$ cat coords_37.cif   # mmCIF, C-alpha atoms and all ligand atoms
data_run
loop_
_atom_site.label_atom_id
_atom_site.label_comp_id
_atom_site.auth_asym_id
_atom_site.auth_seq_id
_atom_site.Cartn_x
_atom_site.Cartn_y
_atom_site.Cartn_z
CA MET A 1 -18.88 1.66 -5.53
CA SER A 2 -16.68 -0.72 -3.62
CA GLU A 3 -17.09 -1.34 0.06
CA ILE A 4 -15.37 1.02 2.48
CA ILE A 5 -13.01 -0.89 4.73
CA LEU A 6 -11.64 1.93 6.86
CA SER A 7 -12.87 5.45 7.22
CA VAL A 8 -10.86 7.90 9.30
CA GLU A 9 -12.22 11.33 10.09
CA ASN A 10 -10.23 14.18 11.46
CA ILE A 11 -8.24 12.20 14.02
CA SER A 12 -5.42 13.68 16.04
CA LYS A 13 -2.88 12.52 18.58
CA HIS A 14 -0.62 14.94 20.39
CA TYR A 15 2.36 14.14 22.58
CA GLY A 16 2.87 17.35 24.49
CA PRO A 17 3.72 19.92 21.82
CA ILE A 18 4.22 17.25 19.13
CA LYS A 19 1.26 16.80 16.83
CA ALA A 20 2.05 13.20 15.86
CA VAL A 21 -1.22 12.95 13.93
CA ASN A 22 -2.98 16.18 13.11
CA LYS A 23 -6.62 16.28 11.93
CA LEU A 24 -6.11 13.44 9.54
CA SER A 25 -8.81 11.93 7.34
CA LEU A 26 -8.66 9.10 4.82
CA GLU A 27 -10.73 6.34 3.31
CA ILE A 28 -9.62 2.87 2.27
CA LYS A 29 -11.73 0.64 0.05
CA LYS A 30 -11.93 -3.11 -0.33
CA GLY A 31 -9.15 -4.66 -2.39
CA GLU A 32 -6.84 -1.67 -2.30
CA ILE A 33 -3.17 -1.98 -1.42
CA PHE A 34 -3.07 1.29 0.39
CA GLY A 35 0.30 2.89 1.07
CA ILE A 36 0.77 5.32 3.94
CA LEU A 37 3.84 7.13 2.73
CA GLY A 38 5.76 9.66 4.75
CA PRO A 39 9.20 10.50 6.09
CA ASN A 40 10.26 9.22 9.50
CA GLY A 41 8.30 10.90 12.25
CA SER A 42 5.39 11.84 9.99
CA GLY A 43 2.86 9.91 12.10
CA LYS A 44 2.42 6.63 10.22
CA THR A 45 2.87 4.28 13.17
CA THR A 46 0.78 6.51 15.42
CA LEU A 47 -2.02 6.47 12.86
CA LEU A 48 -1.92 2.67 12.59
CA GLY A 49 -1.83 2.38 16.39
CA MET A 50 -4.94 4.51 16.66
CA VAL A 51 -7.01 2.59 14.13
CA LEU A 52 -5.96 -0.65 15.85
CA ASP A 53 -7.07 0.69 19.26
CA VAL A 54 -3.53 0.45 20.63
CA ILE A 55 -3.23 4.24 20.98
CA ASN A 56 -6.08 6.42 22.26
CA LEU A 57 -7.46 9.14 20.05
CA ARG A 58 -7.31 12.72 21.18
CA ASN A 59 -10.26 13.56 18.96
CA GLY A 60 -11.92 12.61 15.69
CA SER A 61 -13.23 9.17 14.80
CA PHE A 62 -12.69 6.15 12.64
CA SER A 63 -14.73 3.14 11.64
CA TRP A 64 -13.98 -0.27 10.18
CA PHE A 65 -16.18 -2.10 7.70
CA GLY A 66 -18.75 0.63 7.39
CA GLY A 67 -19.17 1.20 11.10
CA SER A 68 -19.94 -2.19 12.61
CA LYS A 69 -19.31 -1.43 16.27
CA ASN A 70 -19.05 -5.03 17.44
CA HIS A 71 -15.75 -6.60 18.32
CA GLU A 72 -16.00 -9.00 15.41
CA GLY A 73 -14.46 -6.26 13.28
CA ARG A 74 -11.05 -6.66 14.92
CA LYS A 75 -11.00 -10.36 14.01
CA ARG A 76 -11.18 -9.44 10.35
CA ILE A 77 -7.86 -7.56 10.61
CA GLY A 78 -4.37 -9.06 10.71
CA ALA A 79 -1.62 -6.67 11.75
CA ILE A 80 2.09 -6.47 12.35
CA LEU A 81 3.05 -3.21 13.99
CA GLU A 82 6.41 -4.45 15.15
CA THR A 83 8.25 -7.74 14.76
CA PRO A 84 6.39 -10.12 17.02
CA ASN A 85 8.16 -11.98 19.79
CA PHE A 86 8.55 -15.46 18.46
CA TYR A 87 10.34 -18.03 20.58
CA PRO A 88 13.87 -18.44 19.18
CA TYR A 89 14.24 -22.09 20.15
CA LEU A 90 10.87 -23.23 18.82
CA SER A 91 10.12 -24.13 15.21
CA ALA A 92 8.09 -22.00 12.81
CA VAL A 93 5.13 -24.36 13.17
CA LYS A 94 5.31 -24.39 16.96
CA ASN A 95 5.47 -20.60 17.06
CA LEU A 96 2.39 -20.36 14.84
CA GLU A 97 0.58 -22.88 17.07
CA ILE A 98 1.19 -20.58 20.01
CA VAL A 99 -0.21 -17.61 18.07
CA ALA A 100 -3.20 -19.73 16.98
CA ASP A 101 -3.85 -20.77 20.59
CA ILE A 102 -3.83 -17.16 21.79
CA ARG A 103 -6.20 -16.07 19.06
CA GLY A 104 -8.48 -19.11 19.21
CA ILE A 105 -7.71 -20.23 15.67
CA SER A 106 -7.56 -23.83 14.44
CA TYR A 107 -4.13 -25.36 13.71
CA HIS A 108 -5.56 -26.47 10.38
CA GLU A 109 -4.78 -23.03 9.00
CA ILE A 110 -1.07 -23.25 9.71
CA PRO A 111 0.03 -25.22 6.62
CA LYS A 112 -1.91 -22.80 4.42
CA VAL A 113 -0.27 -19.65 5.79
CA LEU A 114 3.18 -21.25 5.76
CA LYS A 115 2.67 -22.06 2.10
CA MET A 116 1.53 -18.51 1.35
CA VAL A 117 4.77 -17.06 2.73
CA ASP A 118 6.86 -19.84 1.19
CA LEU A 119 8.19 -21.26 4.45
CA THR A 120 6.78 -24.78 4.20
CA HIS A 121 10.25 -26.21 3.57
CA ARG A 122 11.54 -24.58 6.76
CA GLN A 123 8.52 -25.16 8.97
CA ASN A 124 10.38 -27.37 11.41
CA SER A 125 13.48 -25.18 11.68
CA LYS A 126 13.99 -23.20 14.84
CA PHE A 127 13.05 -19.53 14.56
CA ARG A 128 16.57 -18.41 15.56
CA THR A 129 18.01 -20.05 12.43
CA PHE A 130 15.88 -17.86 10.16
CA SER A 131 17.19 -14.93 8.13
CA LEU A 132 15.59 -11.54 8.84
CA GLY A 133 13.51 -11.90 5.69
CA MET A 134 12.25 -15.31 6.80
CA LYS A 135 11.42 -13.92 10.24
CA GLN A 136 9.39 -11.18 8.61
CA ARG A 137 7.62 -13.74 6.40
CA LEU A 138 6.75 -15.77 9.47
CA ALA A 139 5.33 -12.63 11.07
CA ILE A 140 3.17 -12.13 7.99
CA ALA A 141 2.08 -15.77 8.20
CA ALA A 142 1.04 -15.20 11.81
CA ALA A 143 -0.96 -12.12 10.81
CA LEU A 144 -2.67 -14.16 8.09
CA LEU A 145 -3.96 -16.76 10.55
CA GLY A 146 -7.72 -16.46 10.79
CA ASP A 147 -8.05 -15.47 7.15
CA PRO A 148 -8.24 -11.70 7.73
CA GLU A 149 -9.85 -9.41 5.16
CA VAL A 150 -7.35 -6.69 6.00
CA LEU A 151 -3.61 -6.93 6.56
CA ILE A 152 -1.73 -4.06 8.19
CA LEU A 153 2.04 -3.82 7.79
CA ASP A 154 4.33 -1.16 9.24
CA GLU A 155 7.64 -0.79 7.37
CA PRO A 156 7.76 -4.51 6.55
CA THR A 157 11.06 -4.34 4.64
CA ASN A 158 13.07 -2.36 7.20
CA GLY A 159 16.46 -3.89 7.82
CA LEU A 160 16.21 -6.49 5.06
CA ASP A 161 18.77 -7.16 2.34
CA PRO A 162 17.77 -6.50 -1.30
CA GLN A 163 16.66 -10.08 -1.85
CA GLY A 164 14.59 -10.09 1.34
CA ILE A 165 13.04 -6.77 0.32
CA ALA A 166 12.07 -8.12 -3.11
CA GLU A 167 10.57 -11.26 -1.53
CA ILE A 168 8.44 -9.33 0.93
CA ARG A 169 7.23 -6.92 -1.75
CA ASN A 170 6.24 -9.80 -4.04
CA LEU A 171 4.54 -11.53 -1.15
CA ILE A 172 2.48 -8.42 -0.37
CA LYS A 173 1.41 -8.18 -4.00
CA GLU A 174 0.45 -11.87 -4.01
CA ILE A 175 -1.64 -11.45 -0.87
CA GLY A 176 -3.29 -8.41 -2.45
CA LYS A 177 -4.19 -10.46 -5.51
CA ARG A 178 -6.14 -12.82 -3.27
CA GLY A 179 -8.43 -9.92 -2.46
CA VAL A 180 -7.02 -9.03 0.95
CA THR A 181 -7.06 -5.27 1.54
CA ILE A 182 -3.58 -4.20 2.62
CA ILE A 183 -2.51 -1.13 4.53
CA LEU A 184 1.23 -0.60 4.23
CA ALA A 185 3.12 2.14 6.05
CA SER A 186 6.45 2.99 4.46
CA HIS A 187 8.94 5.83 4.20
CA LEU A 188 10.12 4.48 0.85
CA LEU A 189 8.66 6.09 -2.25
CA ASP A 190 9.78 3.26 -4.51
CA GLU A 191 8.23 0.66 -2.21
CA VAL A 192 4.84 2.34 -2.46
CA GLN A 193 5.30 2.78 -6.21
CA LYS A 194 6.11 -0.89 -6.68
CA VAL A 195 3.57 -2.43 -4.34
CA CYS A 196 0.59 -0.14 -3.74
CA SER A 197 -2.50 0.72 -5.75
CA HIS A 198 -3.37 3.76 -3.64
CA VAL A 199 -1.43 6.14 -1.45
CA ALA A 200 -1.86 8.77 1.24
CA VAL A 201 1.16 10.97 1.78
CA LEU A 202 1.75 12.08 5.34
CA ASN A 203 3.79 15.02 6.48
CA LYS A 204 3.92 16.19 10.10
CA GLY A 205 0.82 14.19 10.98
CA LYS A 206 -1.25 15.53 8.11
CA ASN A 207 -2.55 13.76 5.04
CA ILE A 208 -1.20 16.07 2.37
CA PHE A 209 -2.29 14.01 -0.59
CA ALA A 210 -4.25 10.85 -1.39
CA GLY A 211 -4.92 9.16 -4.69
CA LYS A 212 -4.12 6.35 -7.07
CA VAL A 213 -0.43 5.47 -7.27
CA ASP A 214 -0.71 4.99 -11.02
CA GLU A 215 -1.73 8.56 -11.48
CA VAL A 216 0.56 10.29 -9.04
CA LEU A 217 3.73 8.36 -8.40
CA ASN A 218 4.62 6.73 -11.66
CA GLU A 219 7.32 7.60 -14.14
CA ASN A 220 4.99 7.18 -17.09
CA VAL A 221 3.75 10.18 -19.00
CA MET A 222 0.09 10.94 -18.29
CA VAL A 223 -1.78 12.90 -20.95
CA GLU A 224 -5.41 14.00 -21.13
CA ILE A 225 -6.83 14.11 -24.62
CA SER A 226 -10.18 14.31 -26.34
CA ALA A 227 -11.50 14.52 -29.88
CA PRO A 228 -14.96 15.00 -31.39
CA ASP A 229 -15.22 11.21 -31.58
CA ASN A 230 -13.53 9.69 -28.54
CA VAL A 231 -14.49 6.15 -29.52
CA LEU A 232 -12.63 6.49 -32.80
CA LEU A 233 -9.77 8.19 -30.96
CA ARG A 234 -9.40 5.25 -28.58
CA LYS A 235 -9.37 2.82 -31.49
CA HIS A 236 -6.44 4.62 -33.08
CA LEU A 237 -4.65 5.02 -29.75
CA ASN A 238 -4.39 1.23 -29.51
CA ASP A 239 -2.00 1.35 -32.48
CA PHE A 240 0.34 3.85 -30.87
CA ASN A 241 3.47 1.90 -29.97
CA LYS A 242 4.24 3.80 -26.77
CA LEU A 243 0.77 3.41 -25.30
CA ILE A 244 0.43 1.71 -21.92
CA SER A 245 -3.27 2.40 -21.38
CA ALA A 246 -6.09 4.70 -22.41
CA GLU A 247 -9.06 5.08 -20.07
CA PRO A 248 -12.11 7.31 -20.48
CA GLU A 249 -12.58 9.76 -17.63
CA ASP A 250 -15.23 12.53 -17.48
CA GLY A 251 -15.41 13.28 -21.19
CA ILE A 252 -11.66 12.99 -21.78
CA ILE A 253 -9.35 10.05 -22.26
CA LEU A 254 -6.53 9.60 -19.81
CA VAL A 255 -3.59 8.19 -21.73
CA LYS A 256 -0.61 6.59 -20.07
CA LEU A 257 2.53 6.54 -22.22
CA GLN A 258 5.89 4.90 -21.69
CA GLU A 259 8.47 6.77 -19.67
CA GLY A 260 10.21 9.46 -21.71
CA THR A 261 7.59 9.68 -24.46
CA ASN A 262 7.28 13.17 -25.89
CA ILE A 263 3.63 14.19 -26.24
CA ALA A 264 4.46 15.65 -29.68
CA GLU A 265 4.97 12.05 -30.83
CA LEU A 266 1.41 11.29 -29.82
CA SER A 267 -0.12 14.31 -31.50
CA THR A 268 1.85 13.69 -34.71
CA PHE A 269 0.70 10.09 -34.73
CA LEU A 270 -2.93 11.15 -34.32
CA MET A 271 -2.64 13.82 -37.00
CA GLU A 272 -1.44 11.16 -39.43
CA LYS A 273 -4.61 9.25 -38.56
CA LYS A 274 -6.56 12.44 -39.35
CA ILE A 275 -7.74 12.89 -35.78
CA ALA A 276 -8.00 16.49 -34.64
CA LEU A 277 -7.73 16.88 -30.89
CA THR A 278 -10.00 19.26 -29.01
CA HIS A 279 -7.96 18.85 -25.82
CA LEU A 280 -4.38 17.87 -25.06
CA ALA A 281 -2.74 18.42 -21.68
CA GLN A 282 0.00 16.68 -19.79
CA ARG A 283 -0.76 15.85 -16.15
CA LYS A 284 1.89 17.10 -13.77
CA LYS A 285 3.86 14.71 -11.66
CA SER A 286 4.16 17.31 -8.99
CA LEU A 287 3.54 14.94 -6.11
CA GLU A 288 6.63 12.88 -6.72
CA LYS A 289 8.84 15.96 -6.84
CA TYR A 290 7.12 17.30 -3.77
CA PHE A 291 7.60 14.07 -1.86
CA LEU A 292 11.27 13.88 -2.72
CA GLU A 293 11.70 17.43 -1.45
CA LEU A 294 9.88 16.49 1.72
CA LEU A 295 12.18 13.53 2.28
CA ALA A 296 15.24 15.66 1.61
CA GLU A 297 14.05 18.21 4.19
CA SER A 298 13.45 15.54 6.80
CA HIS A 299 17.02 14.29 6.47
CA ASP A 300 18.49 17.72 7.17
P1 LIG B 401 6.47 7.43 11.76
O1 LIG B 401 5.89 6.08 12.04
O2 LIG B 401 5.90 8.08 10.54
O3 LIG B 401 7.95 7.42 11.71
P2 LIG B 401 5.50 8.06 14.40
O4 LIG B 401 4.02 7.89 14.34
O5 LIG B 401 6.28 6.99 15.02
O6 LIG B 401 6.04 8.41 12.94
O7 LIG B 401 5.82 9.40 15.20
C1 LIG B 401 5.21 10.65 14.89
C2 LIG B 401 5.74 11.69 15.86
O8 LIG B 401 5.25 11.43 17.17
C3 LIG B 401 7.24 11.75 15.98
O9 LIG B 401 7.63 13.09 16.15
C4 LIG B 401 7.52 10.94 17.22
O10 LIG B 401 8.71 11.35 17.83
C5 LIG B 401 6.31 11.27 18.09
N1 LIG B 401 5.94 10.18 18.99
C6 LIG B 401 5.51 8.95 18.64
N2 LIG B 401 5.24 8.19 19.72
C7 LIG B 401 5.51 8.96 20.80
C8 LIG B 401 5.42 8.76 22.23
N3 LIG B 401 5.00 7.61 22.75
N4 LIG B 401 5.77 9.80 23.02
C9 LIG B 401 6.17 10.97 22.50
N5 LIG B 401 6.27 11.23 21.19
C10 LIG B 401 5.95 10.24 20.34
MG MG B 402 6.83 4.23 12.12
#
$ encode --input "coords_37.cif" --output "structure tokens"
Amino acid sequence: MSEIILSVENISKHYGPIKAVNKLSLEIKKGEIFGILGPNGSGKTTLLGMVLDVINLRNGSFSWFGGSKNHEGRKRIGAILETPNFYPYLSAVKNLEIVADIRGISYHEIPKVLKMVDLTHRQNSKFRTFSLGMKQRLAIAAALLGDPEVLILDEPTNGLDPQGIAEIRNLIKEIGKRGVTIILASHLLDEVQKVCSHVAVLNKGKNIFAGKVDEVLNENVMVEISAPDNVLLRKHLNDFNKLISAEPEDGIILVKLQEGTNIAELSTFLMEKKIALTHLAQRKKSLEKYFLELLAESHD
């Protein structure tokens, strides 16, 4: 079992009649890139504000790092809820020095974070000369000062051009590979699909679904199968040319096949190998359809 980084239980926040966050629970574990996916107005920013102590809870509770109540916990979290106010006429380095001063962090960390966000070559340029994508990367660099275990990003690609979007998404994945747990709020299904390992889908302040992105938001065909000898079955599966992965799961094998694969192709292949299946079922991709409907509704 991996360590629980954030546990949220039944929290709510109401603004008059608006239930911005409504009895929401979720759990985020170490190393996950956790997407909070929902249409505009679904409560993502409010949720992040609450777990960062910027917005007061109406009721419910949350805990960081398994419930350590001390204020050290906050130091382990880097967050960007909105684009920070950098000084336009100061350089990237100077702006980061100001952030470091405020947070009591050594300047020695600055070159490292600039390198991580690929801004070393522009470190002495004034902030106002930066593209939007570079500004966002500098904001991420600032959040990474102090070597946080958790990075929180709210719609980090909003307003960027396609190249800027791709850069930020790659950067988030790179940071995730270093073992930083990332919480990413986004209204973009494809962003969560491309970047996140896990997802919670929000609608009207409620968590309507949570799970692994691989299993719920991908375009690949997911099939459950089993045979009298699952070890032998897995061996043969490795020779199936449309196989992406095959993982044992509670007595069955969860098989991921390339987009567009017909499951008849799989069963024919296995029959040729003289494997009789005792179970064959395709997992529904209902969430993706459901989410697209949700988004469509919210644009009406
Ligand atoms: P998201 O980040 O998913 O777009 P928000 O958390 O910003 O959603 O907002 C959720 C709901 O709460 C929306 O209906 C929004 O209008 C409302 N809301 C957010 N902040 C306030 C506020 N300070 N006062 C009143 N209503 C608010
Ligand atoms: Mg928001």
$ axis_aligned_box --input "coords_37.cif" --around "ligand LIG 401 (chain B)" --padding-each-side "5 Å" --output "AutoDock Vina command-line options"
--center_x 6.4 --center_y 9.6 --center_z 16.8 --size_x 14.7 --size_y 17.0 --size_z 22.5
$ residues_around --input "coords_37.cif" --residues "range 235-245 of chain A" --least-positions-apart "5" --cutoff "12 Å" --atoms "only C-alpha atoms" --output "VMD selection string"
chain A and resid 214 to 215 219 to 227 229 to 230 253 to 263 265 to 275
$ closest_atom_pairs --input "coords_37.cif" --of "chain A" --to "ligand LIG 401 (chain B)" --cutoff "10 Å" --atoms "all atoms listed in the file" --output "tab-separated table"
residue	atom	partner	partner_atom	distance
A:Lys13	CA	B:LIG401	O8	8.3
A:His14	CA	B:LIG401	O8	7.6
A:Tyr15	CA	B:LIG401	C9	5.0
A:Gly16	CA	B:LIG401	C9	7.5
A:Pro17	CA	B:LIG401	N5	9.1
A:Ile18	CA	B:LIG401	O9	6.1
A:Lys19	CA	B:LIG401	O8	6.7
A:Ala20	CA	B:LIG401	O8	3.9
A:Val21	CA	B:LIG401	C1	6.9
A:Ile36	CA	B:LIG401	O2	8.8
A:Leu37	CA	B:LIG401	O2	8.1
A:Gly38	CA	B:LIG401	O2	6.0
A:Pro39	CA	B:LIG401	O2	6.0
A:Asn40	CA	B:LIG401	O3	3.7
A:Gly41	CA	B:LIG401	O6	3.4
A:Ser42	CA	B:LIG401	O2	3.8
A:Gly43	CA	B:LIG401	O4	3.2
A:Lys44	CA	B:LIG401	O2	3.8
A:Thr45	CA	B:LIG401	O1	3.7
A:Thr46	CA	B:LIG401	O4	3.7
A:Leu47	CA	B:LIG401	O4	6.4
A:Leu48	CA	B:LIG401	O4	8.1
A:Gly49	CA	B:LIG401	O4	8.3
A:Met50	CA	B:LIG401	O4	9.9
A:Ile55	CA	B:LIG401	N3	9.1
A:Leu81	CA	B:LIG401	O1	9.9
A:Asp154	CA	B:LIG401	O1	7.9
A:Glu155	CA	B:LIG401	O1	8.5
A:Ala185	CA	B:LIG401	O1	7.7
A:Ser186	CA	B:LIG401	O2	7.9
A:His187	CA	B:LIG401	O2	7.4
A:Leu202	CA	B:LIG401	O2	7.8
A:Asn203	CA	B:LIG401	O2	8.3
A:Lys204	CA	B:LIG401	C1	7.4
A:Gly205	CA	B:LIG401	C1	6.9
$ write_last_selection --input "coords_37.cif" --atoms "C-alpha atoms" --output "compact mmCIF listing (two decimals), in the frame of the given file"
# COMPACT_ATOMS: atom_id res chain seq x y z
CA LYS A 13 -2.88 12.52 18.58
CA HIS A 14 -0.62 14.94 20.39
CA TYR A 15 2.36 14.14 22.58
CA GLY A 16 2.87 17.35 24.49
CA PRO A 17 3.72 19.92 21.82
CA ILE A 18 4.22 17.25 19.13
CA LYS A 19 1.26 16.80 16.83
CA ALA A 20 2.05 13.20 15.86
CA VAL A 21 -1.22 12.95 13.93
CA ILE A 36 0.77 5.32 3.94
CA LEU A 37 3.84 7.13 2.73
CA GLY A 38 5.76 9.66 4.75
CA PRO A 39 9.20 10.50 6.09
CA ASN A 40 10.26 9.22 9.50
CA GLY A 41 8.30 10.90 12.25
CA SER A 42 5.39 11.84 9.99
CA GLY A 43 2.86 9.91 12.10
CA LYS A 44 2.42 6.63 10.22
CA THR A 45 2.87 4.28 13.17
CA THR A 46 0.78 6.51 15.42
CA LEU A 47 -2.02 6.47 12.86
CA LEU A 48 -1.92 2.67 12.59
CA GLY A 49 -1.83 2.38 16.39
CA MET A 50 -4.94 4.51 16.66
CA ILE A 55 -3.23 4.24 20.98
CA LEU A 81 3.05 -3.21 13.99
CA ASP A 154 4.33 -1.16 9.24
CA GLU A 155 7.64 -0.79 7.37
CA ALA A 185 3.12 2.14 6.05
CA SER A 186 6.45 2.99 4.46
CA HIS A 187 8.94 5.83 4.20
CA LEU A 202 1.75 12.08 5.34
CA ASN A 203 3.79 15.02 6.48
CA LYS A 204 3.92 16.19 10.10
CA GLY A 205 0.82 14.19 10.98
$ atom_distance --input "coords_37.cif" --atom1 "CA of Arg128 in chain A" --atom2 "CA of Leu188 in chain A"
28.0 Å
$ residues_around --input "coords_37.cif" --residues "Ala143 in chain A" --least-positions-apart "6" --cutoff "9 Å" --atoms "all atoms listed in the file" --output "count of residues only"
6
$ atom_distance --input "coords_37.cif" --atom1 "CA of Thr157 in chain A" --atom2 "CA of His108 in chain A"
28.3 Å
$ closest_residue --input "coords_37.cif" --among "A:Leu184, A:Val117, A:Leu138, A:Ala100" --to "ligand MG 402 (chain B)" --atoms "all atoms listed in the file"
A:Leu184
$ closest_residue --input "coords_37.cif" --among "A:Val195, A:Leu277, A:Val99, A:Leu153" --to "ligand MG 402 (chain B)" --atoms "only C-alpha atoms and all ligand atoms"
A:Leu153
$ atom_distance --input "coords_37.cif" --atom1 "CA of Lys173 in chain A" --atom2 "CA of Leu90 in chain A"
28.9 Å
$ closest_residue --input "coords_37.cif" --among "A:Val201, A:Val213, A:Ala264, A:Ile11" --to "Leu24 in chain A" --atoms "only C-alpha atoms"
A:Ile11
$ closest_residue --input "coords_37.cif" --among "A:Leu119, A:Glu82, A:Ile172, A:Lys94" --to "ligand MG 402 (chain B)" --atoms "only C-alpha atoms and all ligand atoms"
A:Glu82
$ closest_residue --input "coords_37.cif" --among "A:Phe86, A:Tyr107, A:Trp64, A:Phe127" --to "Gly146 in chain A" --atoms "only C-alpha atoms"
A:Tyr107
$ closest_residue --input "coords_37.cif" --among "A:Asn158, A:Lys212, A:Glu167, A:Lys194" --to "ligand MG 402 (chain B)" --atoms "all atoms listed in the file"
A:Asn158
$ residues_near_point --input "coords_37.cif" --point "(11.5, -25.7, 10.7)" --cutoff "7 Å" --atoms "only C-alpha atoms" --output "JSON, numbers by chain"
{"A": [91, 92, 93, 122, 123, 124, 125, 126]}
